[in-house]
Protein chains: 2
Amino acid sequence: MKLLQQRILKDGHLKEGNILKVDSFLNHQMDIKLLNEIGKEFKRLFSDHSITKILTIETSGIGIAAIAAQHFDDIPVVFAKKVKSKNLDGELFTSKAQSFTKGIVYDIQVAKKFLTADDHVLIIDDFLAKGQALLGLIDIVQQSQANLVGCGIVIEKGFQNGGQIIRQKGIRLESLAIIDSIENNQIVFG
Amino acid sequence: MKLLQQRILKDGHLKEGNILKVDSFLNHQMDIKLLNEIGKEFKRLFSDHSITKILTIETSGIGIAAIAAQHFDDIPVVFAKKVKSKNLDGELFTSKAQSFTKGIVYDIQVAKKFLTADDHVLIIDDFLAKGQALLGLIDIVQQSQANLVGCGIVIEKGFQNGGQIIRQKGIRLESLAIIDSIENNQIVFG
């Protein structure tokens with residue numbers, strides 16, 4: 001997605017440890033117009049499927065998924081939660097995920113009532129690096145026996161192995177920008 | 001907002017400790033159509049002001065704020081973060097907030113570059129109970145010297161004192177549904 005690549009080059013910042021910061025438009029401050037273009041592109045890519053629900057994970061996926069849902073006939077968005085709170089009860093699907101940026105392992109949870117065998121699910125998230133969050137979400141969809149249509153990612157770090165792991169499972173994965181390498185402080189897209 | 005009150009009565013669940021669960025449409029699964037009606041209503045209420053930025057806090061405010069921003073000419077949404085992560089650097093505005101539902105105190109942070117003295121800020125959040133999160137966000141806006149236009153809340157628990165504290169500060173607070181009491185498992189709106 002050209003517009004996204006241009007924006008990453010213009011406003012993204014590289015930090016130590018191959019961390020790309022896109023906090024001015026994607027995951028701290030959100031550019032709503034750009035999110036709508038992202039949502040449109042996900043719709044275009046997955047237009048051959050009937051999708052009944054979008055699944056994402058807190059925090060950065062939520063705004064992207066909410067805006068994207070408008071391009072899928074306002075289907076409901078469910079966001080997986082990362083911590084146990086008093087306010088999330090009932091039967092839960094649970095899995096584990098590791099945060100690349102925070103260096104911690106956390107439980108992820110979705111209330112069972114929000115994912116059923118009748119659902120056709122598109123998973124959306126902002127980043128794909130080692131794939132831990134995405135694998136946790138995929139695990140939860142599989143537990144629910146819903147049909148996993150595929151995964152839509154805004155930025156994939158192609159030089160890490162998350163995308164490979166997921167594609168090797170035969171899961172459809174569409175990343176709007178794939179970064180092949182970050183060398184000499186230069187971002188190279190795939 | 002009648003539509004919201006009806007939805008709370010239809011799909012809200014009361015739990016021990018006066019906790020109202022609205023996870024089927026607001027803060028675990030999100031009803032995107034309803035969020036658009038909520039966004040429209042915030043725009044109607046604050047249409048007399050020029051607003052340049054929406055500020056919210058992770059997690060549940062993000063989807064609401066992102067959808068609402070579309071009704072304010074796609075202005076940027078900034079969401080305050082609750083924990084320190086390697087991925088949030090630079091100069092930060094910080095404050096503290098207590099989670100009513102989780103029973104913990106956490107730091108909240110916004111990168112200084114995303115709130116400036118030129119901004120006219122609308123704060124949006126899903127719930128207002130004791131007001132801790134909102135007071136933290138207000139503190140951050142005041143630190144930034146931006147103009148705080150007001151606060152838009154989806155559900156205010158009128159029987160807790162957060163709303164009173166904020167209105168007594170002379171801050172404009174618009175809550176789309178105010179719950180006056182929860183008695184005998186019955187929700188009474190104000």
# chains A, B, ... in the order shown; residues from 1 in each chain; ligands from 1
$ interface_residues --of "chain B" --to "chain A" --cutoff "6 Å" --atoms "only C-alpha atoms" --output "ChimeraX atom specification"
/B:28-32,59,62-63,66,74,76-79,85-86,102
$ residues_around --residues "Asp118 in chain B" --least-positions-apart "2" --cutoff "7 Å" --atoms "only C-alpha atoms" --output "list in words"
Thr116, His120 and Ala146 of chain B
$ write_last_selection --atoms "all heavy atoms" --output "mmCIF file, in the first residue's frame"
data_model
loop_
_atom_site.group_PDB
_atom_site.id
_atom_site.type_symbol
_atom_site.label_atom_id
_atom_site.label_comp_id
_atom_site.auth_asym_id
_atom_site.auth_seq_id
_atom_site.Cartn_x
_atom_site.Cartn_y
_atom_site.Cartn_z
ATOM 1 N N THR B 116 -0.167 20.322 22.281
ATOM 2 C CA THR B 116 0.536 21.604 22.392
ATOM 3 C C THR B 116 -0.437 22.709 22.799
ATOM 4 O O THR B 116 -1.653 22.507 22.804
ATOM 5 C CB THR B 116 1.179 22.003 21.040
ATOM 6 O OG1 THR B 116 0.126 22.453 20.160
ATOM 7 C CG2 THR B 116 1.920 20.842 20.408
ATOM 8 N N HIS B 120 -7.016 22.445 20.822
ATOM 9 C CA HIS B 120 -8.312 22.536 21.505
ATOM 10 C C HIS B 120 -8.788 21.096 21.657
ATOM 11 O O HIS B 120 -9.120 20.443 20.664
ATOM 12 C CB HIS B 120 -9.292 23.368 20.692
ATOM 13 C CG HIS B 120 -8.809 24.769 20.460
ATOM 14 N ND1 HIS B 120 -9.063 25.796 21.340
ATOM 15 C CD2 HIS B 120 -8.042 25.289 19.468
ATOM 16 C CE1 HIS B 120 -8.487 26.909 20.879
ATOM 17 N NE2 HIS B 120 -7.858 26.616 19.748
ATOM 18 N N ALA B 146 -2.744 23.156 26.438
ATOM 19 C CA ALA B 146 -3.789 23.160 25.417
ATOM 20 C C ALA B 146 -5.082 23.650 26.060
ATOM 21 O O ALA B 146 -5.226 23.644 27.284
ATOM 22 C CB ALA B 146 -3.983 21.742 24.860
#
$ select_by_dssp --residues "range 8-169 of chain B" --states "strand (DSSP E or B)" --output "PyMOL selection string"
chain B and resi 13-15+19-21+29-30+53-57+77-81+92-98+105-111+120-128+147-157
$ select_by_dssp --residues "chain A" --states "helix (DSSP H, G or I)" --output "ChimeraX atom specification"
/A:2-11,32-45,61-72,112-114,132-144,162-168
$ atom_distance --atom1 "CA of Leu45 in chain A" --atom2 "CA of Glu174 in chain A"
7.6 Å
$ residues_around --residues "Ile182 in chain A" --least-positions-apart "3" --cutoff "12 Å" --atoms "only C-alpha atoms" --output "list in words"
Leu9, His13, Leu14, Lys15, Glu16, Gly17, Asn18, Ile19, Leu20, Lys157, Gly158, Phe159, Gln160, Ile178, Ile179, Asn185, Gln186, Ile187, Val188, Phe189 and Gly190 of chain A
$ write_last_selection --atoms "N, CA and C atoms" --output "PDB file, in the first residue's frame"
ATOM      1  N   LEU A   9       7.868   6.185   5.663  1.00  0.00           N
ATOM      2  CA  LEU A   9       9.144   6.846   5.351  1.00  0.00           C
ATOM      3  C   LEU A   9       9.154   8.288   5.844  1.00  0.00           C
ATOM      4  N   HIS A  13       9.969   6.592  12.769  1.00  0.00           N
ATOM      5  CA  HIS A  13      11.298   6.801  13.340  1.00  0.00           C
ATOM      6  C   HIS A  13      11.880   5.465  13.755  1.00  0.00           C
ATOM      7  N   LEU A  14      13.164   5.294  13.474  1.00  0.00           N
ATOM      8  CA  LEU A  14      13.824   4.050  13.856  1.00  0.00           C
ATOM      9  C   LEU A  14      14.522   4.224  15.191  1.00  0.00           C
ATOM     10  N   LYS A  15      14.304   3.236  16.052  1.00  0.00           N
ATOM     11  CA  LYS A  15      14.949   3.243  17.365  1.00  0.00           C
ATOM     12  C   LYS A  15      15.835   2.022  17.486  1.00  0.00           C
ATOM     13  N   GLU A  16      16.658   2.039  18.491  1.00  0.00           N
ATOM     14  CA  GLU A  16      17.527   0.886  18.749  1.00  0.00           C
ATOM     15  C   GLU A  16      16.733  -0.425  18.806  1.00  0.00           C
ATOM     16  N   GLY A  17      17.334  -1.492  18.344  1.00  0.00           N
ATOM     17  CA  GLY A  17      16.703  -2.813  18.424  1.00  0.00           C
ATOM     18  C   GLY A  17      15.683  -3.039  17.330  1.00  0.00           C
ATOM     19  N   ASN A  18      15.859  -2.362  16.201  1.00  0.00           N
ATOM     20  CA  ASN A  18      14.944  -2.517  15.062  1.00  0.00           C
ATOM     21  C   ASN A  18      13.501  -2.173  15.399  1.00  0.00           C
ATOM     22  N   ILE A  19      13.325  -1.280  16.332  1.00  0.00           N
ATOM     23  CA  ILE A  19      11.966  -0.847  16.647  1.00  0.00           C
ATOM     24  C   ILE A  19      11.631   0.352  15.780  1.00  0.00           C
ATOM     25  N   LEU A  20      10.540   0.192  15.032  1.00  0.00           N
ATOM     26  CA  LEU A  20      10.047   1.281  14.196  1.00  0.00           C
ATOM     27  C   LEU A  20       8.934   1.987  14.952  1.00  0.00           C
ATOM     28  N   LYS A 157       7.164  -6.800   9.803  1.00  0.00           N
ATOM     29  CA  LYS A 157       8.625  -6.775   9.738  1.00  0.00           C
ATOM     30  C   LYS A 157       9.075  -8.077   9.092  1.00  0.00           C
ATOM     31  N   GLY A 158       9.318  -8.004   7.793  1.00  0.00           N
ATOM     32  CA  GLY A 158       9.617  -9.202   7.015  1.00  0.00           C
ATOM     33  C   GLY A 158      10.922  -9.861   7.415  1.00  0.00           C
ATOM     34  N   PHE A 159      11.793  -9.114   8.104  1.00  0.00           N
ATOM     35  CA  PHE A 159      13.085  -9.663   8.523  1.00  0.00           C
ATOM     36  C   PHE A 159      12.970 -10.414   9.848  1.00  0.00           C
ATOM     37  N   GLN A 160      11.771 -10.455  10.412  1.00  0.00           N
ATOM     38  CA  GLN A 160      11.530 -11.336  11.557  1.00  0.00           C
ATOM     39  C   GLN A 160      10.615 -12.451  11.072  1.00  0.00           C
ATOM     40  N   ILE A 178       5.326  -4.332   4.057  1.00  0.00           N
ATOM     41  CA  ILE A 178       6.284  -5.320   4.572  1.00  0.00           C
ATOM     42  C   ILE A 178       7.675  -4.698   4.519  1.00  0.00           C
ATOM     43  N   ILE A 179       8.288  -4.621   5.671  1.00  0.00           N
ATOM     44  CA  ILE A 179       9.640  -4.067   5.737  1.00  0.00           C
ATOM     45  C   ILE A 179      10.627  -5.220   5.643  1.00  0.00           C
ATOM     46  N   ASN A 185      20.008   2.702   9.081  1.00  0.00           N
ATOM     47  CA  ASN A 185      18.915   3.615   9.361  1.00  0.00           C
ATOM     48  C   ASN A 185      18.009   3.858   8.150  1.00  0.00           C
ATOM     49  N   GLN A 186      17.996   2.894   7.221  1.00  0.00           N
ATOM     50  CA  GLN A 186      17.147   2.993   6.037  1.00  0.00           C
ATOM     51  C   GLN A 186      16.108   1.870   6.041  1.00  0.00           C
ATOM     52  N   ILE A 187      14.879   2.228   5.777  1.00  0.00           N
ATOM     53  CA  ILE A 187      13.817   1.230   5.697  1.00  0.00           C
ATOM     54  C   ILE A 187      13.693   0.758   4.251  1.00  0.00           C
ATOM     55  N   VAL A 188      13.760  -0.557   4.041  1.00  0.00           N
ATOM     56  CA  VAL A 188      13.572  -1.120   2.697  1.00  0.00           C
ATOM     57  C   VAL A 188      12.315  -1.977   2.700  1.00  0.00           C
ATOM     58  N   PHE A 189      11.380  -1.649   1.809  1.00  0.00           N
ATOM     59  CA  PHE A 189      10.130  -2.407   1.739  1.00  0.00           C
ATOM     60  C   PHE A 189      10.259  -3.614   0.813  1.00  0.00           C
ATOM     61  N   GLY A 190       9.462  -4.625   1.080  1.00  0.00           N
ATOM     62  CA  GLY A 190       9.478  -5.842   0.275  1.00  0.00           C
ATOM     63  C   GLY A 190       8.600  -5.709  -0.950  1.00  0.00           C
TER      64      GLY A 190
END
$ closest_residue --among "A:Gly162, A:Gly152, A:Gly39, A:Gly136" --to "Lys96 in chain A" --atoms "only C-alpha atoms"
A:Gly136
$ residues_around --residues "Met1 in chain B" --least-positions-apart "2" --cutoff "10 Å" --atoms "only C-alpha atoms" --output "PyMOL selection string"
chain B and resi 3-6+37-38+41+154+175-178
$ atom_distance --atom1 "CA of Ile108 in chain A" --atom2 "CA of Gln164 in chain A"
22.2 Å
$ closest_residue --among "A:Gln109, A:Thr56, A:Gln98, A:Gln145" --to "Ala129 in chain A" --atoms "only C-alpha atoms"
A:Gln98
$ atom_distance --atom1 "CA of Lys82 in chain A" --atom2 "CA of Tyr106 in chain A"
6.2 Å
$ decode --residues "range 15-165 of chain B" --atoms "C-alpha atoms" --output "PDB file, in the first residue's frame"
ATOM      1  CA  LYS B  15     -22.359  -7.497  38.524  1.00  0.00           C
ATOM      2  CA  GLU B  16     -21.419  -7.369  42.177  1.00  0.00           C
ATOM      3  CA  GLY B  17     -19.977  -4.076  43.373  1.00  0.00           C
ATOM      4  CA  ASN B  18     -22.134  -1.873  41.123  1.00  0.00           C
ATOM      5  CA  ILE B  19     -20.153  -2.889  38.093  1.00  0.00           C
ATOM      6  CA  LEU B  20     -22.147  -2.507  34.911  1.00  0.00           C
ATOM      7  CA  LYS B  21     -20.949  -4.764  32.136  1.00  0.00           C
ATOM      8  CA  VAL B  22     -21.469  -3.464  28.645  1.00  0.00           C
ATOM      9  CA  ASP B  23     -18.965  -5.778  27.066  1.00  0.00           C
ATOM     10  CA  SER B  24     -21.302  -6.964  24.338  1.00  0.00           C
ATOM     11  CA  PHE B  25     -21.409  -3.558  22.650  1.00  0.00           C
ATOM     12  CA  LEU B  26     -18.904  -1.125  24.158  1.00  0.00           C
ATOM     13  CA  ASN B  27     -15.722  -2.451  25.717  1.00  0.00           C
ATOM     14  CA  HIS B  28     -14.919  -5.977  24.640  1.00  0.00           C
ATOM     15  CA  GLN B  29     -17.135  -6.407  21.609  1.00  0.00           C
ATOM     16  CA  MET B  30     -17.845  -3.052  19.961  1.00  0.00           C
ATOM     17  CA  ASP B  31     -21.033  -2.223  18.052  1.00  0.00           C
ATOM     18  CA  ILE B  32     -19.672   0.031  15.329  1.00  0.00           C
ATOM     19  CA  LYS B  33     -23.068   1.443  14.346  1.00  0.00           C
ATOM     20  CA  LEU B  34     -23.741   2.432  17.936  1.00  0.00           C
ATOM     21  CA  LEU B  35     -20.270   3.987  18.182  1.00  0.00           C
ATOM     22  CA  ASN B  36     -21.141   6.119  15.170  1.00  0.00           C
ATOM     23  CA  GLU B  37     -24.342   7.306  16.840  1.00  0.00           C
ATOM     24  CA  ILE B  38     -22.283   8.104  19.942  1.00  0.00           C
ATOM     25  CA  GLY B  39     -19.780  10.031  17.837  1.00  0.00           C
ATOM     26  CA  LYS B  40     -22.581  11.990  16.167  1.00  0.00           C
ATOM     27  CA  GLU B  41     -24.011  12.909  19.550  1.00  0.00           C
ATOM     28  CA  PHE B  42     -20.640  14.130  20.849  1.00  0.00           C
ATOM     29  CA  LYS B  43     -20.348  16.279  17.722  1.00  0.00           C
ATOM     30  CA  ARG B  44     -23.837  17.700  18.287  1.00  0.00           C
ATOM     31  CA  LEU B  45     -23.021  18.514  21.911  1.00  0.00           C
ATOM     32  CA  PHE B  46     -19.674  20.136  21.169  1.00  0.00           C
ATOM     33  CA  SER B  47     -20.534  21.660  17.782  1.00  0.00           C
ATOM     34  CA  ASP B  48     -20.139  25.157  19.202  1.00  0.00           C
ATOM     35  CA  HIS B  49     -16.406  24.629  19.578  1.00  0.00           C
ATOM     36  CA  SER B  50     -13.518  24.243  17.224  1.00  0.00           C
ATOM     37  CA  ILE B  51     -11.756  21.061  18.343  1.00  0.00           C
ATOM     38  CA  THR B  52      -8.348  20.075  16.992  1.00  0.00           C
ATOM     39  CA  LYS B  53      -7.685  16.848  18.842  1.00  0.00           C
ATOM     40  CA  ILE B  54      -9.448  14.079  20.743  1.00  0.00           C
ATOM     41  CA  LEU B  55      -7.667  12.648  23.764  1.00  0.00           C
ATOM     42  CA  THR B  56      -8.647   9.309  25.255  1.00  0.00           C
ATOM     43  CA  ILE B  57      -7.017   6.572  27.297  1.00  0.00           C
ATOM     44  CA  GLU B  58      -6.360   2.955  26.550  1.00  0.00           C
ATOM     45  CA  THR B  59      -8.128   0.626  26.269  1.00  0.00           C
ATOM     46  CA  SER B  60     -11.861   1.072  26.005  1.00  0.00           C
ATOM     47  CA  GLY B  61     -11.797   4.704  24.932  1.00  0.00           C
ATOM     48  CA  ILE B  62      -9.848   4.078  21.743  1.00  0.00           C
ATOM     49  CA  GLY B  63     -12.536   2.637  19.479  1.00  0.00           C
ATOM     50  CA  ILE B  64     -15.091   5.190  20.670  1.00  0.00           C
ATOM     51  CA  ALA B  65     -12.698   8.081  20.091  1.00  0.00           C
ATOM     52  CA  ALA B  66     -11.546   6.815  16.680  1.00  0.00           C
ATOM     53  CA  ILE B  67     -15.095   6.541  15.379  1.00  0.00           C
ATOM     54  CA  ALA B  68     -16.100   9.856  16.980  1.00  0.00           C
ATOM     55  CA  ALA B  69     -13.192  11.671  15.309  1.00  0.00           C
ATOM     56  CA  GLN B  70     -14.831  11.045  11.938  1.00  0.00           C
ATOM     57  CA  HIS B  71     -17.648  13.332  13.031  1.00  0.00           C
ATOM     58  CA  PHE B  72     -15.098  16.042  13.870  1.00  0.00           C
ATOM     59  CA  ASP B  73     -13.531  16.282  10.403  1.00  0.00           C
ATOM     60  CA  ASP B  74     -11.128  13.399  11.031  1.00  0.00           C
ATOM     61  CA  ILE B  75      -9.073  15.227  13.640  1.00  0.00           C
ATOM     62  CA  PRO B  76      -6.274  13.146  15.193  1.00  0.00           C
ATOM     63  CA  VAL B  77      -6.956  10.963  18.200  1.00  0.00           C
ATOM     64  CA  VAL B  78      -4.293  10.593  20.873  1.00  0.00           C
ATOM     65  CA  PHE B  79      -4.623   7.833  23.401  1.00  0.00           C
ATOM     66  CA  ALA B  80      -2.833   8.051  26.727  1.00  0.00           C
ATOM     67  CA  LYS B  81      -0.878   4.954  27.644  1.00  0.00           C
ATOM     68  CA  LYS B  82      -1.095   3.261  30.995  1.00  0.00           C
ATOM     69  CA  VAL B  83       2.286   1.569  31.268  1.00  0.00           C
ATOM     70  CA  LYS B  84       5.809   2.421  30.375  1.00  0.00           C
ATOM     71  CA  SER B  85       7.008   0.538  27.339  1.00  0.00           C
ATOM     72  CA  LYS B  86      10.286   0.625  25.483  1.00  0.00           C
ATOM     73  CA  ASN B  87       8.366   1.925  22.528  1.00  0.00           C
ATOM     74  CA  LEU B  88       7.270   5.230  24.070  1.00  0.00           C
ATOM     75  CA  ASP B  89      10.167   7.583  24.464  1.00  0.00           C
ATOM     76  CA  GLY B  90      10.916  11.252  24.313  1.00  0.00           C
ATOM     77  CA  GLU B  91       9.400  13.826  26.510  1.00  0.00           C
ATOM     78  CA  LEU B  92       6.215  12.787  28.219  1.00  0.00           C
ATOM     79  CA  PHE B  93       3.369  14.355  30.081  1.00  0.00           C
ATOM     80  CA  THR B  94       2.601  12.015  32.970  1.00  0.00           C
ATOM     81  CA  SER B  95      -0.119  11.737  35.554  1.00  0.00           C
ATOM     82  CA  LYS B  96      -1.599   9.037  37.740  1.00  0.00           C
ATOM     83  CA  ALA B  97      -4.945   7.290  37.662  1.00  0.00           C
ATOM     84  CA  GLN B  98      -6.674   4.605  39.633  1.00  0.00           C
ATOM     85  CA  SER B  99      -8.680   1.877  37.954  1.00  0.00           C
ATOM     86  CA  PHE B 100     -12.017   1.320  39.654  1.00  0.00           C
ATOM     87  CA  THR B 101     -12.500  -2.072  38.077  1.00  0.00           C
ATOM     88  CA  LYS B 102      -8.936  -3.307  38.439  1.00  0.00           C
ATOM     89  CA  GLY B 103      -8.148  -1.789  41.830  1.00  0.00           C
ATOM     90  CA  ILE B 104      -4.698  -0.545  40.839  1.00  0.00           C
ATOM     91  CA  VAL B 105      -2.953   2.801  40.428  1.00  0.00           C
ATOM     92  CA  TYR B 106      -1.088   3.301  37.180  1.00  0.00           C
ATOM     93  CA  ASP B 107       0.883   5.985  35.439  1.00  0.00           C
ATOM     94  CA  ILE B 108      -0.640   7.527  32.373  1.00  0.00           C
ATOM     95  CA  GLN B 109       1.515   9.103  29.702  1.00  0.00           C
ATOM     96  CA  VAL B 110       1.197  11.189  26.573  1.00  0.00           C
ATOM     97  CA  ALA B 111       4.141  12.193  24.399  1.00  0.00           C
ATOM     98  CA  LYS B 112       4.529  15.948  24.650  1.00  0.00           C
ATOM     99  CA  LYS B 113       4.763  16.364  20.899  1.00  0.00           C
ATOM    100  CA  PHE B 114       1.119  15.309  20.514  1.00  0.00           C
ATOM    101  CA  LEU B 115      -0.451  17.975  22.751  1.00  0.00           C
ATOM    102  CA  THR B 116       0.536  21.604  22.392  1.00  0.00           C
ATOM    103  CA  ALA B 117      -0.694  25.007  23.524  1.00  0.00           C
ATOM    104  CA  ASP B 118      -2.319  25.428  20.093  1.00  0.00           C
ATOM    105  CA  ASP B 119      -4.629  22.465  20.583  1.00  0.00           C
ATOM    106  CA  HIS B 120      -8.312  22.536  21.505  1.00  0.00           C
ATOM    107  CA  VAL B 121      -8.908  19.198  23.132  1.00  0.00           C
ATOM    108  CA  LEU B 122     -11.981  17.082  23.652  1.00  0.00           C
ATOM    109  CA  ILE B 123     -11.443  14.210  26.087  1.00  0.00           C
ATOM    110  CA  ILE B 124     -13.521  11.095  25.378  1.00  0.00           C
ATOM    111  CA  ASP B 125     -13.859   7.979  27.502  1.00  0.00           C
ATOM    112  CA  ASP B 126     -16.281   5.121  27.947  1.00  0.00           C
ATOM    113  CA  PHE B 127     -16.993   5.290  31.686  1.00  0.00           C
ATOM    114  CA  LEU B 128     -16.938   7.874  34.432  1.00  0.00           C
ATOM    115  CA  ALA B 129     -17.228   6.600  37.999  1.00  0.00           C
ATOM    116  CA  LYS B 130     -14.838   8.042  40.548  1.00  0.00           C
ATOM    117  CA  GLY B 131     -13.201  10.109  37.851  1.00  0.00           C
ATOM    118  CA  GLN B 132      -9.621   8.990  38.357  1.00  0.00           C
ATOM    119  CA  ALA B 133      -8.803   8.317  34.723  1.00  0.00           C
ATOM    120  CA  LEU B 134     -10.520  11.511  33.604  1.00  0.00           C
ATOM    121  CA  LEU B 135      -8.730  13.608  36.227  1.00  0.00           C
ATOM    122  CA  GLY B 136      -5.438  12.186  34.991  1.00  0.00           C
ATOM    123  CA  LEU B 137      -6.291  13.110  31.406  1.00  0.00           C
ATOM    124  CA  ILE B 138      -7.409  16.605  32.450  1.00  0.00           C
ATOM    125  CA  ASP B 139      -4.134  17.022  34.341  1.00  0.00           C
ATOM    126  CA  ILE B 140      -2.220  16.102  31.203  1.00  0.00           C
ATOM    127  CA  VAL B 141      -4.159  18.562  29.031  1.00  0.00           C
ATOM    128  CA  GLN B 142      -3.495  21.296  31.586  1.00  0.00           C
ATOM    129  CA  GLN B 143       0.229  20.456  31.653  1.00  0.00           C
ATOM    130  CA  SER B 144       0.291  20.812  27.881  1.00  0.00           C
ATOM    131  CA  GLN B 145      -1.351  24.257  28.088  1.00  0.00           C
ATOM    132  CA  ALA B 146      -3.789  23.160  25.417  1.00  0.00           C
ATOM    133  CA  ASN B 147      -7.337  24.463  25.675  1.00  0.00           C
ATOM    134  CA  LEU B 148      -9.573  21.836  27.260  1.00  0.00           C
ATOM    135  CA  VAL B 149     -12.909  22.169  25.477  1.00  0.00           C
ATOM    136  CA  GLY B 150     -14.596  19.540  27.599  1.00  0.00           C
ATOM    137  CA  CYS B 151     -15.103  15.869  28.322  1.00  0.00           C
ATOM    138  CA  GLY B 152     -17.473  13.485  26.561  1.00  0.00           C
ATOM    139  CA  ILE B 153     -18.352  10.333  28.456  1.00  0.00           C
ATOM    140  CA  VAL B 154     -20.483   7.476  27.206  1.00  0.00           C
ATOM    141  CA  ILE B 155     -21.747   6.205  30.584  1.00  0.00           C
ATOM    142  CA  GLU B 156     -21.511   8.161  33.827  1.00  0.00           C
ATOM    143  CA  LYS B 157     -22.276   6.529  37.139  1.00  0.00           C
ATOM    144  CA  GLY B 158     -24.068   9.468  38.723  1.00  0.00           C
ATOM    145  CA  PHE B 159     -24.104   7.763  42.100  1.00  0.00           C
ATOM    146  CA  GLN B 160     -20.334   8.009  42.286  1.00  0.00           C
ATOM    147  CA  ASN B 161     -18.649  11.356  42.671  1.00  0.00           C
ATOM    148  CA  GLY B 162     -16.421  11.657  39.612  1.00  0.00           C
ATOM    149  CA  GLY B 163     -18.884  13.778  37.655  1.00  0.00           C
ATOM    150  CA  GLN B 164     -19.422  16.134  40.572  1.00  0.00           C
ATOM    151  CA  ILE B 165     -15.681  16.643  41.104  1.00  0.00           C
TER     152      ILE B 165
END
